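> Provided herewith: query-v3.tsv, TSV, C-alpha atoms.
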```
chain	number	residue	atom	x	y	z
A	1	MET	CA	-8.47	49.74	-10.99
A	2	LYS	CA	-6.90	47.24	-13.39
A	3	ASN	CA	-5.28	45.38	-10.49
A	4	ILE	CA	-8.60	44.70	-8.73
A	5	ILE	CA	-9.96	41.20	-9.24
A	6	LEU	CA	-13.36	40.10	-8.00
A	7	ILE	CA	-13.44	36.84	-6.08
A	8	THR	CA	-16.04	35.39	-8.45
A	9	GLU	CA	-13.61	35.80	-11.34
A	10	ILE	CA	-10.93	33.68	-9.65
A	11	TYR	CA	-12.37	30.32	-10.52
A	12	PHE	CA	-12.87	31.13	-14.16
A	13	SER	CA	-9.88	33.34	-14.88
A	14	LEU	CA	-7.29	32.18	-12.35
A	15	GLY	CA	-8.36	29.11	-10.43
A	16	GLN	CA	-8.98	26.39	-12.92
A	17	ALA	CA	-6.20	26.65	-15.46
A	18	ILE	CA	-3.90	29.54	-14.68
A	19	ALA	CA	-3.29	29.77	-10.92
A	20	PRO	CA	-4.71	26.99	-8.74
A	21	ALA	CA	-2.00	27.43	-6.07
A	22	PHE	CA	-2.69	31.15	-5.82
A	23	THR	CA	-6.42	30.49	-5.60
A	24	PHE	CA	-5.87	27.95	-2.80
A	25	PHE	CA	-3.85	30.39	-0.70
A	26	LEU	CA	-6.20	33.28	-1.43
A	27	LEU	CA	-9.21	31.28	-0.29
A	28	LYS	CA	-7.29	30.10	2.78
A	29	TYR	CA	-6.43	33.73	3.55
A	30	LEU	CA	-10.07	34.78	3.09
A	31	LYS	CA	-11.48	31.93	5.18
A	32	PRO	CA	-11.97	34.13	8.29
A	33	GLN	CA	-13.98	36.58	6.19
A	34	PHE	CA	-16.08	33.74	4.80
A	35	LYS	CA	-16.73	32.50	8.34
A	36	HIS	CA	-17.75	35.97	9.45
A	37	ILE	CA	-20.10	36.40	6.48
A	38	ALA	CA	-21.64	32.97	7.07
A	39	SER	CA	-22.04	33.48	10.81
A	40	ASN	CA	-24.22	36.52	10.21
A	41	LYS	CA	-26.64	34.46	8.07
A	42	GLN	CA	-27.49	31.46	10.20
A	43	THR	CA	-31.13	31.26	9.27
A	44	THR	CA	-31.32	27.46	8.97
A	45	GLY	CA	-28.62	26.57	11.46
A	46	LEU	CA	-25.93	26.63	8.80
A	47	GLY	CA	-24.25	29.82	7.66
A	48	HIS	CA	-23.64	30.33	3.98
A	49	VAL	CA	-21.79	32.62	1.61
A	50	THR	CA	-23.75	33.72	-1.43
A	51	VAL	CA	-22.59	34.74	-4.87
A	52	ALA	CA	-23.50	38.31	-3.96
A	53	ASP	CA	-21.15	38.09	-0.97
A	54	LEU	CA	-18.36	36.88	-3.21
A	55	LYS	CA	-18.96	39.70	-5.68
A	56	ARG	CA	-18.41	42.23	-2.89
A	57	LEU	CA	-15.00	40.77	-1.98
A	58	GLN	CA	-12.09	42.27	-3.88
A	59	PHE	CA	-8.31	42.10	-3.65
A	60	ARG	CA	-5.38	43.76	-5.36
A	61	ALA	CA	-3.49	41.51	-7.73
A	62	ASN	CA	-0.87	41.67	-10.41
A	63	ALA	CA	-1.35	38.96	-13.02
A	64	SER	CA	2.38	38.47	-13.64
A	65	VAL	CA	3.11	38.12	-9.91
A	66	ILE	CA	0.25	35.63	-9.58
A	67	ALA	CA	1.60	33.61	-12.51
A	68	GLU	CA	5.13	33.69	-11.07
A	69	PHE	CA	3.87	32.63	-7.63
A	70	ASN	CA	1.88	29.80	-9.15
A	71	ALA	CA	4.87	28.61	-11.22
A	72	LEU	CA	6.98	28.52	-8.05
A	73	ILE	CA	4.40	26.76	-5.87
A	74	MET	CA	2.79	24.25	-8.27
A	75	PRO	CA	5.70	21.75	-8.19
A	76	MET	CA	5.25	21.59	-4.40
A	77	PHE	CA	1.50	21.15	-4.78
A	78	ASP	CA	2.10	18.36	-7.30
A	79	LEU	CA	4.54	16.63	-4.94
A	80	ILE	CA	2.12	16.91	-2.02
A	81	TYR	CA	-0.67	15.47	-4.16
A	82	SER	CA	1.45	12.55	-5.37
A	83	LYS	CA	2.50	11.77	-1.77
A	84	TYR	CA	-1.15	11.97	-0.71
A	85	LYS	CA	-2.10	9.43	-3.42
A	86	GLU	CA	0.79	7.18	-2.37
A	87	ILE	CA	-0.35	7.32	1.26
A	88	GLN	CA	-3.88	6.35	0.20
A	89	GLN	CA	-2.57	3.37	-1.77
A	90	LEU	CA	-0.34	2.22	1.09
A	91	SER	CA	-3.18	2.59	3.58
A	92	ASN	CA	-5.46	0.50	1.38
A	93	LEU	CA	-2.77	-2.15	1.03
A	94	ARG	CA	-2.25	-2.18	4.80
A	95	ASP	CA	-5.99	-2.53	5.39
A	96	ILE	CA	-6.09	-5.53	3.06
A	97	LEU	CA	-2.93	-7.28	4.25
A	98	LEU	CA	-2.97	-6.70	8.01
A	99	PRO	CA	-6.09	-8.77	8.75
A	100	LYS	CA	-4.70	-11.59	6.60
A	101	LEU	CA	-1.38	-11.45	8.43
A	102	MET	CA	-3.06	-11.35	11.85
A	103	SER	CA	-5.34	-14.30	11.04
A	104	GLY	CA	-2.49	-16.38	9.67
A	105	GLU	CA	-4.02	-16.48	6.20
A	106	LEU	CA	-0.72	-15.05	4.92
A	107	ASP	CA	2.45	-16.64	6.22
A	108	VAL	CA	5.57	-14.52	5.99
A	109	SER	CA	7.77	-16.61	8.29
A	110	ALA	CA	9.82	-17.90	5.35
A	111	ILE	CA	10.79	-14.41	4.20
A	112	ASP	CA	14.42	-13.61	4.99
A	113	LEU	CA	14.87	-9.98	5.98
```
Would you mind writing the file's structure down as structure tokens?


Amino acid sequence: MKNIILITEIYFSLGQAIAPAFTFFLLKYLKPQFKHIASNKQTTGLGHVTVADLKRLQFRANASVIAEFNALIMPMFDLIYSKYKEIQQLSNLRDILLPKLMSGELDVSAIDL
């Protein structure tokens, strides 16, 4: 039973510092189960997953394989995040400059391309 990890332990033992990429893919994999759990509890119009539900979910895991997976995937996650931030900055710049270009407030006719 040493290879069984409870879902509620992920955030504290794996998710935050050790294996965020693994945690991301695990939660993505478990999303259909979360939806099913939540759909059976629509008392206020919104389904929800409780801590008790999470404690019942288990999966088999090998800590060294998780660490190896995370080491392999994290550079890709970091690249995706940096590209996401760059896209946000470029979008903000576009949103600032485009109205000024369209109104004629900025004149770029003298720029030689």

> Which residue out of A:Asp107, A:Pro20, A:His36, A:Lys41 has the minimum interatomic distance to Ala71 of chain A when only C-alpha atoms are used?

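Closest to Ala71 of chain A, using only C-alpha atoms: A:Pro20.
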
> When distances are computed from all atoms listed in the file, which of A:Phe77, A:Tyr29, A:Phe22, A:Phe34 shows the smallest separation from Asp53 of chain A?

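Comparing A:Phe77, A:Tyr29, A:Phe22, A:Phe34 against Asp53 of chain A, the winner is A:Phe34.
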
> A:Leu79, A:Leu106, A:Val49, A:Leu26: which is nearest Ile66 of chain A, counting all atoms listed in the file?

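Smallest distance to Ile66 of chain A is found for A:Leu26.
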
> Could you check how far atom CA of Ser39 of chain A sits from atom CA of Val51 of chain A, in Å to one decimal?

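Separating atom CA of Ser39 of chain A from atom CA of Val51 of chain A is a distance of 15.7 Å.
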
> Could you give me, as a list in words, the residues that have an atom at most 12 Å away from the point (-3.1, 30.2, -0.8) in the coordinates of the file, using only C-alpha atoms?

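With a cut-off of 12 Å, the residues come to Gly15, Ala19, Pro20, Ala21, Phe22, Thr23, Phe24, Phe25, Leu26, Leu27, Lys28, Tyr29, Leu30, Lys31, Ile66, Phe69, Asn70, Ile73, Met74 and Phe77 of chain A.
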
> Please, what distance in Å, to one decimal, runs between atom CA of Ile80 of chain A and atom CA of Ala63 of chain A?

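Atom-to-atom, atom CA of Ile80 of chain A to atom CA of Ala63 of chain A, that is 24.9 Å.
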
> What separation in Å, quoted to one decimal, exists between atom CA of Leu101 of chain A and atom CA of Gln88 of chain A?

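So the answer is 19.8 Å.
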
> Please fill the gaps in segment 97-109 of chain A so it has N, CA and C atoms, and write that as a PDB file, in the coordinates of the input.


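Listed below is the output, selection_6.pdb:
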```pdb
ATOM      1  N   LEU A  97      -3.896  -6.264   3.814  1.00  0.00           N
ATOM      2  CA  LEU A  97      -2.930  -7.280   4.250  1.00  0.00           C
ATOM      3  C   LEU A  97      -2.917  -7.537   5.750  1.00  0.00           C
ATOM      4  N   LEU A  98      -3.100  -6.528   6.559  1.00  0.00           N
ATOM      5  CA  LEU A  98      -2.970  -6.700   8.010  1.00  0.00           C
ATOM      6  C   LEU A  98      -3.933  -7.746   8.570  1.00  0.00           C
ATOM      7  N   PRO A  99      -5.214  -7.722   8.225  1.00  0.00           N
ATOM      8  CA  PRO A  99      -6.090  -8.770   8.750  1.00  0.00           C
ATOM      9  C   PRO A  99      -5.664 -10.182   8.311  1.00  0.00           C
ATOM     10  N   LYS A 100      -5.148 -10.279   7.092  1.00  0.00           N
ATOM     11  CA  LYS A 100      -4.700 -11.590   6.600  1.00  0.00           C
ATOM     12  C   LYS A 100      -3.453 -12.042   7.336  1.00  0.00           C
ATOM     13  N   LEU A 101      -2.575 -11.112   7.660  1.00  0.00           N
ATOM     14  CA  LEU A 101      -1.380 -11.450   8.430  1.00  0.00           C
ATOM     15  C   LEU A 101      -1.749 -11.837   9.861  1.00  0.00           C
ATOM     16  N   MET A 102      -2.660 -11.095  10.464  1.00  0.00           N
ATOM     17  CA  MET A 102      -3.060 -11.350  11.850  1.00  0.00           C
ATOM     18  C   MET A 102      -3.800 -12.691  11.987  1.00  0.00           C
ATOM     19  N   SER A 103      -4.569 -13.045  10.968  1.00  0.00           N
ATOM     20  CA  SER A 103      -5.340 -14.300  11.040  1.00  0.00           C
ATOM     21  C   SER A 103      -4.500 -15.515  10.658  1.00  0.00           C
ATOM     22  N   GLY A 104      -3.324 -15.281  10.103  1.00  0.00           N
ATOM     23  CA  GLY A 104      -2.490 -16.380   9.670  1.00  0.00           C
ATOM     24  C   GLY A 104      -2.772 -16.826   8.243  1.00  0.00           C
ATOM     25  N   GLU A 105      -3.704 -16.142   7.581  1.00  0.00           N
ATOM     26  CA  GLU A 105      -4.020 -16.480   6.200  1.00  0.00           C
ATOM     27  C   GLU A 105      -2.797 -16.278   5.298  1.00  0.00           C
ATOM     28  N   LEU A 106      -1.994 -15.279   5.615  1.00  0.00           N
ATOM     29  CA  LEU A 106      -0.720 -15.050   4.920  1.00  0.00           C
ATOM     30  C   LEU A 106       0.408 -15.415   5.873  1.00  0.00           C
ATOM     31  N   ASP A 107       1.304 -16.241   5.398  1.00  0.00           N
ATOM     32  CA  ASP A 107       2.450 -16.640   6.220  1.00  0.00           C
ATOM     33  C   ASP A 107       3.710 -15.996   5.641  1.00  0.00           C
ATOM     34  N   VAL A 108       4.359 -15.197   6.438  1.00  0.00           N
ATOM     35  CA  VAL A 108       5.570 -14.520   5.990  1.00  0.00           C
ATOM     36  C   VAL A 108       6.807 -15.006   6.757  1.00  0.00           C
ATOM     37  N   SER A 109       6.656 -16.109   7.467  1.00  0.00           N
ATOM     38  CA  SER A 109       7.770 -16.610   8.290  1.00  0.00           C
ATOM     39  C   SER A 109       8.964 -17.061   7.449  1.00  0.00           C
TER      40      SER A 109
END
```
